[in-house]
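Colleague: The following block contains the structure, expressed as structure tokens.
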Amino acid sequence: MNALPWKNPARAEALQAALARRILIIDGAMGTMIQRHELQEADYRGERFAQGYDSLFAADGHAHGNGCGCEGHDQRGNNDLLTLTRPDIIRGIHKAYLDAGADLVETNTFNSTSISLADYRLQHLVRELNREGARLARIECDAAEARDPTQPRFVIGVLGPTSRTASLSPDVNRPGFRAIDFDELAQAYREAARGLIEGGADVLMVETVFDTLNAKAALFAIDDVFEEFGARLPVMVSGTITDASGRTLSGQTAEAFWYSLRHAQPLAIGLNCALGAKDLRQHVDVLAQVADTHVSCHPNAGLPNAFGGYDETPEDMAGVLREFAQSSLLNLVGGCCGTTPEHIAAIAQAVRGLPPRKVPELENAA
């Protein structure tokens with residue numbers, strides 16, 4: 001991977017320079033902000049998908065028409081589809097986070113792989129959704145940077161974990177069964193990565209990793225795509241500690257997670273989702289000690305309440321994350337589920353002026 005030149009040298013150098021100067025701010029939750037719009041089925045479908053299928057696409061020469069059997073597939077909840085049907089909402093969310101002080105915004109592509117889109121029968125949209133997702137974020141980042149050239153803004157092309165796990169069986173009675181394999185995952189990630197690069201992403205991030213083998217497939221695929229393009233982008237990886245055990249779903253501690261993926265030489269390693277900042281503190285501390293790269297953290301706004309909502313206020317969350325920064329644990333910080341532009345503005349203010357964690361030069365570094 002590192003033998004290839006940067007695809008956008010000026011952007012990569014600007015990002016590295018910014019990381020050397022200060023703690024950078026990642027945006028907050030996309031889904032939380034979409035929920036504020038109280039969208040209905042028709043909002044998700046728009047005109048192109050009004051009948052529940054893609055009117056611009058028909059597989060194997062099929063002609064859409066009355067009684068063709070395609071009608072009526074629900075799209076509500078398919079947030080990534082809003083990139084095509086309600087780009088105004090997605091751009092508005094990106095702008096709100098940039099206005100709140102975010103240095104990096106994540107594309108609306110968390111589920112834009114063929115594996116996840118199969119739930120909506122829209123696997124053919126993978127490349128388009130990733131390309132357009134990156135393009136919308138690119139437009140808003142460029143506009144924000146034009147308003148204030150002293151603060152460069154960066155697009156993180158998001159590659160989510162998919163709904164499958166390569167390490168574990170989904171059937172408790174068949175422990176040897178796997179719903180997906182490494183090659184299938186890699187193929188899905190290749191297609192998504194191509195679209196993100198074409199759309200103008202500055203960074204690719206494999207995030208919310210609950211199964212390290214899935215992440216390895218994503219990184220393998222990214223490497224292949226960089227070879228295709230003859231150039232590379234910086235890559236970030238962010239895992240998920242799923243419960244109080246302090247391990248990912250596939251059983252790794254934060255330290256083991258890092259050493260399993262260190263060979264990819266990511267720009268940053270971090271943790272996001274599942275837990276609030278207080279519960280992530282000890283695990284981020286471990287990464288800060290062992291990782292000879294930048295460390296990121298974008299936690300939830302606390303743990304979900306009985307109604308599935310999140311109660312941690314911007315002030316509470318910012319106070320906890322300020323302590324992270326004061327303890328030299330952070331290079332990048334933001335929010336995940338339940339966070340809003342108000343949370344990001346408070347976090348940005350809380351860490352402003354505090355120095356970034358110094359990346360250690362470890363004796364056993366490869």
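Letters A, B, ... mark the chains of the structure tokens in the order given; residue numbers begin at 1 per chain; ligand numbers begin at 1, in order shown.
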Can you pull out the residues contacting Asn8 in chain A? Cut-off 10 Å, using only C-alpha atoms, and skip same-chain residues under 6 positions away; I want them as a ChimeraX atom specification.
Modeller: /A:200-202,231-234
Colleague: Filtering to all heavy atoms, could you give me those residues as a PDB file, in the first residue's frame?
Modeller:
ATOM      1  N   GLY A 200     -14.509  11.571  -4.631  1.00  0.00           N
ATOM      2  CA  GLY A 200     -13.660  12.609  -4.067  1.00  0.00           C
ATOM      3  C   GLY A 200     -13.342  12.504  -2.596  1.00  0.00           C
ATOM      4  O   GLY A 200     -12.981  13.504  -1.959  1.00  0.00           O
ATOM      5  N   ALA A 201     -13.426  11.290  -2.022  1.00  0.00           N
ATOM      6  CA  ALA A 201     -13.056  11.121  -0.618  1.00  0.00           C
ATOM      7  C   ALA A 201     -11.575  11.431  -0.408  1.00  0.00           C
ATOM      8  O   ALA A 201     -10.738  11.131  -1.261  1.00  0.00           O
ATOM      9  CB  ALA A 201     -13.353   9.699  -0.161  1.00  0.00           C
ATOM     10  N   ASP A 202     -11.262  12.035   0.733  1.00  0.00           N
ATOM     11  CA  ASP A 202      -9.867  12.302   1.099  1.00  0.00           C
ATOM     12  C   ASP A 202      -9.261  11.147   1.874  1.00  0.00           C
ATOM     13  O   ASP A 202      -8.041  10.934   1.852  1.00  0.00           O
ATOM     14  CB  ASP A 202      -9.784  13.555   1.984  1.00  0.00           C
ATOM     15  CG  ASP A 202     -10.197  14.812   1.261  1.00  0.00           C
ATOM     16  OD1 ASP A 202      -9.581  15.131   0.229  1.00  0.00           O
ATOM     17  OD2 ASP A 202     -11.142  15.484   1.721  1.00  0.00           O
ATOM     18  N   ALA A 231      -2.663   4.747  -7.110  1.00  0.00           N
ATOM     19  CA  ALA A 231      -2.449   5.768  -6.084  1.00  0.00           C
ATOM     20  C   ALA A 231      -3.284   5.398  -4.867  1.00  0.00           C
ATOM     21  O   ALA A 231      -4.193   4.566  -4.944  1.00  0.00           O
ATOM     22  CB  ALA A 231      -2.845   7.152  -6.606  1.00  0.00           C
ATOM     23  N   ARG A 232      -2.972   6.010  -3.734  1.00  0.00           N
ATOM     24  CA  ARG A 232      -3.635   5.637  -2.491  1.00  0.00           C
ATOM     25  C   ARG A 232      -4.182   6.857  -1.751  1.00  0.00           C
ATOM     26  O   ARG A 232      -3.799   8.006  -2.031  1.00  0.00           O
ATOM     27  CB  ARG A 232      -2.661   4.903  -1.566  1.00  0.00           C
ATOM     28  CG  ARG A 232      -1.471   5.755  -1.122  1.00  0.00           C
ATOM     29  CD  ARG A 232      -0.402   4.922  -0.429  1.00  0.00           C
ATOM     30  NE  ARG A 232       0.816   5.699  -0.214  1.00  0.00           N
ATOM     31  CZ  ARG A 232       1.199   6.208   0.952  1.00  0.00           C
ATOM     32  NH1 ARG A 232       0.438   6.026   2.024  1.00  0.00           N
ATOM     33  NH2 ARG A 232       2.314   6.886   1.051  1.00  0.00           N
ATOM     34  N   LEU A 233      -5.057   6.593  -0.811  1.00  0.00           N
ATOM     35  CA  LEU A 233      -5.558   7.580   0.134  1.00  0.00           C
ATOM     36  C   LEU A 233      -5.166   7.141   1.541  1.00  0.00           C
ATOM     37  O   LEU A 233      -4.927   5.948   1.776  1.00  0.00           O
ATOM     38  CB  LEU A 233      -7.088   7.669   0.061  1.00  0.00           C
ATOM     39  CG  LEU A 233      -7.738   8.127  -1.245  1.00  0.00           C
ATOM     40  CD1 LEU A 233      -9.254   8.113  -1.089  1.00  0.00           C
ATOM     41  CD2 LEU A 233      -7.249   9.497  -1.657  1.00  0.00           C
ATOM     42  N   PRO A 234      -5.132   8.058   2.498  1.00  0.00           N
ATOM     43  CA  PRO A 234      -4.966   7.640   3.890  1.00  0.00           C
ATOM     44  C   PRO A 234      -6.136   6.751   4.308  1.00  0.00           C
ATOM     45  O   PRO A 234      -7.261   6.921   3.814  1.00  0.00           O
ATOM     46  CB  PRO A 234      -4.983   8.966   4.657  1.00  0.00           C
ATOM     47  CG  PRO A 234      -4.618  10.010   3.653  1.00  0.00           C
ATOM     48  CD  PRO A 234      -5.187   9.527   2.357  1.00  0.00           C
TER      49      PRO A 234
END
Colleague: Per residue of range 101-142 of chain A within 9 Å of range 84-96 of chain A, which atom pair is closest and at what distance in Å (one decimal), using only C-alpha atoms, listed by chain and increasing number, as a tab-separated table?
Modeller:
residue	atom	partner	partner_atom	distance
A:Gly101	CA	A:Ala96	CA	8.9
A:Val105	CA	A:His94	CA	6.6
A:Glu106	CA	A:His94	CA	8.2
A:Thr107	CA	A:His94	CA	8.6
A:Asn108	CA	A:Ile90	CA	7.4
A:Glu128	CA	A:Leu84	CA	8.9
A:Leu129	CA	A:Leu84	CA	7.3
A:Glu132	CA	A:Leu84	CA	7.5
A:Gly133	CA	A:Leu84	CA	8.5
A:Leu136	CA	A:Arg91	CA	6.0
A:Ala137	CA	A:His94	CA	6.4
A:Ile139	CA	A:Arg91	CA	8.2
A:Glu140	CA	A:Lys95	CA	6.0
A:Cys141	CA	A:Lys95	CA	7.9
Colleague: May I ask for the distance between CA of Leu213 in chain A and CA of Leu82 in chain A, given in Å to one decimal place?
Modeller: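 These two atoms are separated by 29.5 Å.
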Colleague: Quick one: everything within 7 Å of Asp80 in chain A, counting only C-alpha atoms, minus sequence neighbours fewer than 2 positions away in the same chain. Send it as a ChimeraX atom specification.
Modeller: /A:78,82-83,108-109,111-112
Colleague: Limited to C-alpha atoms, could you put the picked residues into a file as a PDB file, in the first residue's frame?
Modeller:
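Contents of result-v2.pdb, freshly written:
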ATOM      1  CA  ASN A  78     -32.611   2.794   4.009  1.00  0.00           C
ATOM      2  CA  LEU A  82     -31.451   9.426   0.704  1.00  0.00           C
ATOM      3  CA  THR A  83     -28.171  10.345  -0.979  1.00  0.00           C
ATOM      4  CA  ASN A 108     -23.642   8.680   4.116  1.00  0.00           C
ATOM      5  CA  THR A 109     -22.436   5.247   2.994  1.00  0.00           C
ATOM      6  CA  ASN A 111     -24.623   0.465   4.518  1.00  0.00           C
ATOM      7  CA  SER A 112     -23.624   1.031   0.892  1.00  0.00           C
TER       8      SER A 112
END
Colleague: When you look at Ala217 in chain A with a cut-off of 7 Å (counting only C-alpha atoms), what residues show up, excluding the ones that are within fewer than 6 positions of it in the same chain? I need them as a VMD selection string.
Modeller: chain A and resid 182 185 to 186
Colleague: Generate a file of the selected residues that holds N, CA, C and O atoms, formatted as a PDB file, in the first residue's frame.
Modeller:
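Saved as result_17.pdb:
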ATOM      1  N   PHE A 182     -14.460 -14.534   3.331  1.00  0.00           N
ATOM      2  CA  PHE A 182     -13.519 -13.438   3.134  1.00  0.00           C
ATOM      3  C   PHE A 182     -13.598 -12.870   1.716  1.00  0.00           C
ATOM      4  O   PHE A 182     -13.641 -11.659   1.511  1.00  0.00           O
ATOM      5  N   LEU A 185     -16.711 -10.766   1.093  1.00  0.00           N
ATOM      6  CA  LEU A 185     -16.587  -9.467   1.742  1.00  0.00           C
ATOM      7  C   LEU A 185     -15.643  -8.556   0.959  1.00  0.00           C
ATOM      8  O   LEU A 185     -15.946  -7.380   0.728  1.00  0.00           O
ATOM      9  N   ALA A 186     -14.507  -9.101   0.553  1.00  0.00           N
ATOM     10  CA  ALA A 186     -13.534  -8.287  -0.169  1.00  0.00           C
ATOM     11  C   ALA A 186     -14.124  -7.744  -1.468  1.00  0.00           C
ATOM     12  O   ALA A 186     -13.916  -6.570  -1.821  1.00  0.00           O
TER      13      ALA A 186
END
Colleague: With only C-alpha atoms as the atoms that count, which of A:Ser116, A:Ser250, A:Ser55, A:Asn79 lies nearest to Gln40 in chain A?
Modeller: A:Asn79
Colleague: Do a neighbour search on Thr293 in chain A at 8 Å with only C-alpha atoms, toss out local chain neighbours closer than 2 positions, and write the hits as a compact mmCIF listing (two decimals) with N, CA and C atoms, in the first residue's frame.
Modeller:
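To be explicit, this is the file written out as out36.txt:
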# COMPACT_ATOMS: atom_id res chain seq x y z
N GLN A 265 -0.81 -0.31 8.43
CA GLN A 265 -0.25 1.02 8.66
C GLN A 265 -1.29 2.13 8.46
N PRO A 266 -2.40 2.05 9.20
CA PRO A 266 -3.45 3.05 9.03
C PRO A 266 -3.01 4.42 9.54
N LEU A 267 -3.60 5.44 9.00
CA LEU A 267 -3.37 6.80 9.49
C LEU A 267 -3.82 6.93 10.93
N ALA A 268 -4.90 6.22 11.28
CA ALA A 268 -5.43 6.27 12.64
C ALA A 268 -6.12 4.96 12.98
N ILE A 269 -6.08 4.62 14.26
CA ILE A 269 -6.82 3.49 14.80
C ILE A 269 -7.69 4.05 15.91
N ALA A 291 -0.38 1.94 20.14
CA ALA A 291 -0.45 2.21 18.71
C ALA A 291 0.56 3.27 18.28
N VAL A 295 -4.67 8.15 17.13
CA VAL A 295 -5.77 7.49 17.81
C VAL A 295 -7.02 8.35 17.70
N VAL A 359 2.37 10.84 18.64
CA VAL A 359 2.50 9.46 18.18
C VAL A 359 3.84 8.90 18.62
N PRO A 360 3.83 7.81 19.37
CA PRO A 360 5.10 7.27 19.89
C PRO A 360 5.90 6.53 18.83
Colleague: From a DSSP pass on the backbone, collect the residues of range 143-292 of chain A flagged as helix (DSSP H, G or I) and hand them back as a PDB file with C-alpha atoms, in the first residue's frame.
Modeller:
ATOM      1  CA  ALA A 143     -17.742  25.228   0.459  1.00  0.00           C
ATOM      2  CA  ALA A 144     -16.748  25.356   4.124  1.00  0.00           C
ATOM      3  CA  GLU A 145     -13.070  25.529   3.237  1.00  0.00           C
ATOM      4  CA  ALA A 146     -13.774  28.354   0.782  1.00  0.00           C
ATOM      5  CA  ARG A 147     -15.458  30.292   3.585  1.00  0.00           C
ATOM      6  CA  PHE A 182     -13.519 -13.438   3.134  1.00  0.00           C
ATOM      7  CA  ASP A 183     -13.626 -13.306  -0.671  1.00  0.00           C
ATOM      8  CA  GLU A 184     -17.274 -12.238  -0.730  1.00  0.00           C
ATOM      9  CA  LEU A 185     -16.587  -9.467   1.742  1.00  0.00           C
ATOM     10  CA  ALA A 186     -13.534  -8.287  -0.169  1.00  0.00           C
ATOM     11  CA  GLN A 187     -15.485  -8.119  -3.415  1.00  0.00           C
ATOM     12  CA  ALA A 188     -18.222  -6.066  -1.746  1.00  0.00           C
ATOM     13  CA  TYR A 189     -15.687  -3.661  -0.276  1.00  0.00           C
ATOM     14  CA  ARG A 190     -13.816  -3.252  -3.569  1.00  0.00           C
ATOM     15  CA  GLU A 191     -16.954  -2.025  -5.283  1.00  0.00           C
ATOM     16  CA  ALA A 192     -17.733   0.429  -2.488  1.00  0.00           C
ATOM     17  CA  ALA A 193     -14.166   1.751  -2.261  1.00  0.00           C
ATOM     18  CA  ARG A 194     -14.059   2.473  -5.991  1.00  0.00           C
ATOM     19  CA  GLY A 195     -17.131   4.666  -5.698  1.00  0.00           C
ATOM     20  CA  LEU A 196     -15.812   6.569  -2.681  1.00  0.00           C
ATOM     21  CA  ILE A 197     -12.554   7.344  -4.443  1.00  0.00           C
ATOM     22  CA  GLU A 198     -14.361   8.430  -7.626  1.00  0.00           C
ATOM     23  CA  GLY A 199     -16.587  10.737  -5.588  1.00  0.00           C
ATOM     24  CA  THR A 212     -11.627  -8.121  12.746  1.00  0.00           C
ATOM     25  CA  LEU A 213     -11.764 -10.602   9.870  1.00  0.00           C
ATOM     26  CA  ASN A 214     -14.331  -8.354   8.174  1.00  0.00           C
ATOM     27  CA  ALA A 215     -11.925  -5.443   8.626  1.00  0.00           C
ATOM     28  CA  LYS A 216      -9.077  -7.461   7.157  1.00  0.00           C
ATOM     29  CA  ALA A 217     -11.224  -8.167   4.105  1.00  0.00           C
ATOM     30  CA  ALA A 218     -11.967  -4.443   3.777  1.00  0.00           C
ATOM     31  CA  LEU A 219      -8.298  -3.486   4.045  1.00  0.00           C
ATOM     32  CA  PHE A 220      -7.328  -6.194   1.553  1.00  0.00           C
ATOM     33  CA  ALA A 221      -9.955  -4.847  -0.854  1.00  0.00           C
ATOM     34  CA  ILE A 222      -8.821  -1.254  -0.370  1.00  0.00           C
ATOM     35  CA  ASP A 223      -5.262  -2.302  -1.179  1.00  0.00           C
ATOM     36  CA  ASP A 224      -6.479  -3.911  -4.407  1.00  0.00           C
ATOM     37  CA  VAL A 225      -8.397  -0.791  -5.411  1.00  0.00           C
ATOM     38  CA  PHE A 226      -5.426   1.448  -4.717  1.00  0.00           C
ATOM     39  CA  GLU A 227      -3.400  -0.759  -7.048  1.00  0.00           C
ATOM     40  CA  GLU A 228      -6.103  -0.334  -9.706  1.00  0.00           C
ATOM     41  CA  PHE A 229      -5.972   3.451  -9.371  1.00  0.00           C
ATOM     42  CA  ALA A 254      -8.405  -3.170  22.031  1.00  0.00           C
ATOM     43  CA  GLU A 255      -4.735  -4.126  22.142  1.00  0.00           C
ATOM     44  CA  ALA A 256      -5.263  -7.331  20.148  1.00  0.00           C
ATOM     45  CA  PHE A 257      -7.424  -5.414  17.676  1.00  0.00           C
ATOM     46  CA  TRP A 258      -4.561  -3.002  16.990  1.00  0.00           C
ATOM     47  CA  TYR A 259      -1.915  -5.677  16.580  1.00  0.00           C
ATOM     48  CA  SER A 260      -4.170  -7.636  14.214  1.00  0.00           C
ATOM     49  CA  LEU A 261      -4.420  -4.634  11.898  1.00  0.00           C
ATOM     50  CA  ARG A 262      -1.120  -2.863  12.437  1.00  0.00           C
ATOM     51  CA  HIS A 263       0.298  -4.309   9.219  1.00  0.00           C
ATOM     52  CA  ALA A 264      -2.040  -2.042   7.223  1.00  0.00           C
ATOM     53  CA  ALA A 277     -17.212   7.990  26.251  1.00  0.00           C
ATOM     54  CA  LYS A 278     -16.944   7.036  29.943  1.00  0.00           C
ATOM     55  CA  ASP A 279     -17.075   3.340  29.158  1.00  0.00           C
ATOM     56  CA  LEU A 280     -14.614   3.664  26.266  1.00  0.00           C
ATOM     57  CA  ARG A 281     -12.019   5.555  28.327  1.00  0.00           C
ATOM     58  CA  GLN A 282      -9.919   2.565  29.427  1.00  0.00           C
ATOM     59  CA  HIS A 283      -9.899   1.031  25.946  1.00  0.00           C
ATOM     60  CA  VAL A 284      -8.866   4.254  24.217  1.00  0.00           C
ATOM     61  CA  ASP A 285      -6.121   4.532  26.845  1.00  0.00           C
ATOM     62  CA  VAL A 286      -4.836   1.102  25.796  1.00  0.00           C
ATOM     63  CA  LEU A 287      -4.745   2.108  22.118  1.00  0.00           C
ATOM     64  CA  ALA A 288      -2.949   5.331  22.999  1.00  0.00           C
ATOM     65  CA  GLN A 289      -0.216   3.308  24.703  1.00  0.00           C
ATOM     66  CA  VAL A 290       0.346   0.611  22.077  1.00  0.00           C
TER      67      VAL A 290
END
Colleague: What is the distance between CA of Arg174 in chain A and CA of Arg247 in chain A, in Å to one decimal?
Modeller: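 These two atoms are separated by 22.9 Å.
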Colleague: Please return, as a PyMOL selection string, all residues of range 117-266 of chain A that DSSP assigns to strand (DSSP E) on the basis of the backbone.
Modeller: chain A and resi 154-159+203-209+235-239
Colleague: Which value, in Å to one decimal, gives the distance between CA of Pro9 in chain A and CA of Leu330 in chain A?
Modeller: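 Interatomic distance here is 24.6 Å.
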Colleague: Can you list, as a list of chain:residue names, every protein, DNA or RNA residue that comes within 9 Å of range 17-21 of chain A when you count only C-alpha atoms, leaving out same-chain residues fewer than 6 positions away?
Modeller: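 The contact residues come out as A:Gln151, A:Pro152, A:His294, A:Asn331, A:Leu332, A:Pro355, A:Pro356, A:Lys358.
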Colleague: How would the residues just picked look written out with all heavy atoms as a PDB file, in the first residue's frame?
Modeller:
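Result went into selection.pdb, see below:
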ATOM      1  N   GLN A 151      -8.909  26.642   7.663  1.00  0.00           N
ATOM      2  CA  GLN A 151      -9.316  25.362   8.241  1.00  0.00           C
ATOM      3  C   GLN A 151      -9.700  24.389   7.131  1.00  0.00           C
ATOM      4  O   GLN A 151     -10.837  24.369   6.676  1.00  0.00           O
ATOM      5  CB  GLN A 151     -10.505  25.532   9.197  1.00  0.00           C
ATOM      6  CG  GLN A 151     -10.887  24.224   9.909  1.00  0.00           C
ATOM      7  CD  GLN A 151     -12.076  24.388  10.840  1.00  0.00           C
ATOM      8  OE1 GLN A 151     -12.631  25.475  10.973  1.00  0.00           O
ATOM      9  NE2 GLN A 151     -12.473  23.303  11.488  1.00  0.00           N
ATOM     10  N   PRO A 152      -8.773  23.574   6.679  1.00  0.00           N
ATOM     11  CA  PRO A 152      -9.105  22.577   5.647  1.00  0.00           C
ATOM     12  C   PRO A 152     -10.120  21.569   6.174  1.00  0.00           C
ATOM     13  O   PRO A 152     -10.110  21.227   7.362  1.00  0.00           O
ATOM     14  CB  PRO A 152      -7.764  21.923   5.329  1.00  0.00           C
ATOM     15  CG  PRO A 152      -6.914  22.176   6.525  1.00  0.00           C
ATOM     16  CD  PRO A 152      -7.361  23.485   7.098  1.00  0.00           C
ATOM     17  N   HIS A 294      -1.943   7.543  14.835  1.00  0.00           N
ATOM     18  CA  HIS A 294      -2.898   8.418  15.498  1.00  0.00           C
ATOM     19  C   HIS A 294      -4.047   7.608  16.096  1.00  0.00           C
ATOM     20  O   HIS A 294      -4.362   6.517  15.611  1.00  0.00           O
ATOM     21  CB  HIS A 294      -3.446   9.440  14.500  1.00  0.00           C
ATOM     22  CG  HIS A 294      -2.376  10.277  13.870  1.00  0.00           C
ATOM     23  ND1 HIS A 294      -1.822   9.971  12.644  1.00  0.00           N
ATOM     24  CD2 HIS A 294      -1.750  11.397  14.305  1.00  0.00           C
ATOM     25  CE1 HIS A 294      -0.893  10.867  12.350  1.00  0.00           C
ATOM     26  NE2 HIS A 294      -0.825  11.740  13.341  1.00  0.00           N
ATOM     27  N   ASN A 331      -6.039  12.074  19.024  1.00  0.00           N
ATOM     28  CA  ASN A 331      -5.636  12.830  17.841  1.00  0.00           C
ATOM     29  C   ASN A 331      -6.858  13.263  17.029  1.00  0.00           C
ATOM     30  O   ASN A 331      -6.833  14.294  16.363  1.00  0.00           O
ATOM     31  CB  ASN A 331      -4.716  11.996  16.946  1.00  0.00           C
ATOM     32  CG  ASN A 331      -3.446  11.594  17.657  1.00  0.00           C
ATOM     33  OD1 ASN A 331      -3.306  10.442  18.088  1.00  0.00           O
ATOM     34  ND2 ASN A 331      -2.519  12.525  17.821  1.00  0.00           N
ATOM     35  N   LEU A 332      -7.921  12.459  17.090  1.00  0.00           N
ATOM     36  CA  LEU A 332      -9.177  12.793  16.420  1.00  0.00           C
ATOM     37  C   LEU A 332     -10.319  12.410  17.349  1.00  0.00           C
ATOM     38  O   LEU A 332     -10.267  11.367  18.012  1.00  0.00           O
ATOM     39  CB  LEU A 332      -9.339  12.035  15.103  1.00  0.00           C
ATOM     40  CG  LEU A 332      -8.233  12.165  14.057  1.00  0.00           C
ATOM     41  CD1 LEU A 332      -7.372  10.892  14.045  1.00  0.00           C
ATOM     42  CD2 LEU A 332      -8.814  12.401  12.669  1.00  0.00           C
ATOM     43  N   PRO A 355      -3.133  20.077  23.257  1.00  0.00           N
ATOM     44  CA  PRO A 355      -2.251  19.472  22.252  1.00  0.00           C
ATOM     45  C   PRO A 355      -2.704  18.072  21.878  1.00  0.00           C
ATOM     46  O   PRO A 355      -3.271  17.341  22.698  1.00  0.00           O
ATOM     47  CB  PRO A 355      -0.892  19.429  22.961  1.00  0.00           C
ATOM     48  CG  PRO A 355      -1.225  19.379  24.417  1.00  0.00           C
ATOM     49  CD  PRO A 355      -2.472  20.207  24.575  1.00  0.00           C
ATOM     50  N   PRO A 356      -2.468  17.665  20.640  1.00  0.00           N
ATOM     51  CA  PRO A 356      -2.797  16.297  20.240  1.00  0.00           C
ATOM     52  C   PRO A 356      -1.838  15.302  20.878  1.00  0.00           C
ATOM     53  O   PRO A 356      -0.716  15.657  21.261  1.00  0.00           O
ATOM     54  CB  PRO A 356      -2.620  16.326  18.722  1.00  0.00           C
ATOM     55  CG  PRO A 356      -1.584  17.385  18.487  1.00  0.00           C
ATOM     56  CD  PRO A 356      -1.844  18.428  19.535  1.00  0.00           C
ATOM     57  N   LYS A 358       0.954  12.748  21.112  1.00  0.00           N
ATOM     58  CA  LYS A 358       2.158  12.564  20.318  1.00  0.00           C
ATOM     59  C   LYS A 358       2.275  11.102  19.924  1.00  0.00           C
ATOM     60  O   LYS A 358       2.241  10.209  20.777  1.00  0.00           O
ATOM     61  CB  LYS A 358       3.387  12.986  21.121  1.00  0.00           C
ATOM     62  CG  LYS A 358       4.686  12.924  20.306  1.00  0.00           C
ATOM     63  CD  LYS A 358       5.870  13.405  21.115  1.00  0.00           C
ATOM     64  CE  LYS A 358       7.147  13.327  20.308  1.00  0.00           C
ATOM     65  NZ  LYS A 358       8.335  13.784  21.098  1.00  0.00           N
TER      66      LYS A 358
END
Colleague: Measuring atom to atom with only C-alpha atoms, identify which of A:Glu312, A:Asp54, A:Asp43, A:Asp292 is nearest to Leu125 in chain A.
Modeller: A:Asp54
Colleague: Please determine, counting only C-alpha atoms, which residue among A:Arg178, A:Ser114, A:Gly230, A:Pro299 has the shortest atom-to-atom distance to Ala3 in chain A.
Modeller: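 Residue with the minimum atom-to-atom distance to Ala3 in chain A: A:Gly230.
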Colleague: Select, from A:Ser327, A:Leu275, A:Asp119, A:Ala14, the residue with the minimum atom-to-atom distance to Ser245 in chain A, counting only C-alpha atoms.
Modeller: A:Leu275
Colleague: Which residues are near Arg164 in chain A? Cut-off 7 Å, only C-alpha atoms, ignore same chain within fewer than 2 positions. Put them as a PyMOL selection string.
Modeller: chain A and resi 162+166+179-180
Colleague: From the set A:Ile34, A:Leu117, A:Ala102, A:Val155, which residue has the shortest atom-to-atom contact distance to Gln349 in chain A, counting only C-alpha atoms?
Modeller: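 When distances to Gln349 in chain A are compared using only C-alpha atoms, the smallest one comes from A:Ala102.
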Colleague: Which is closest to Pro341 in chain A among A:Ile23, A:Phe210, A:Arg45, A:Pro314, if we use only C-alpha atoms?
Modeller: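 Result for the nearest residue to Pro341 in chain A: A:Pro314.
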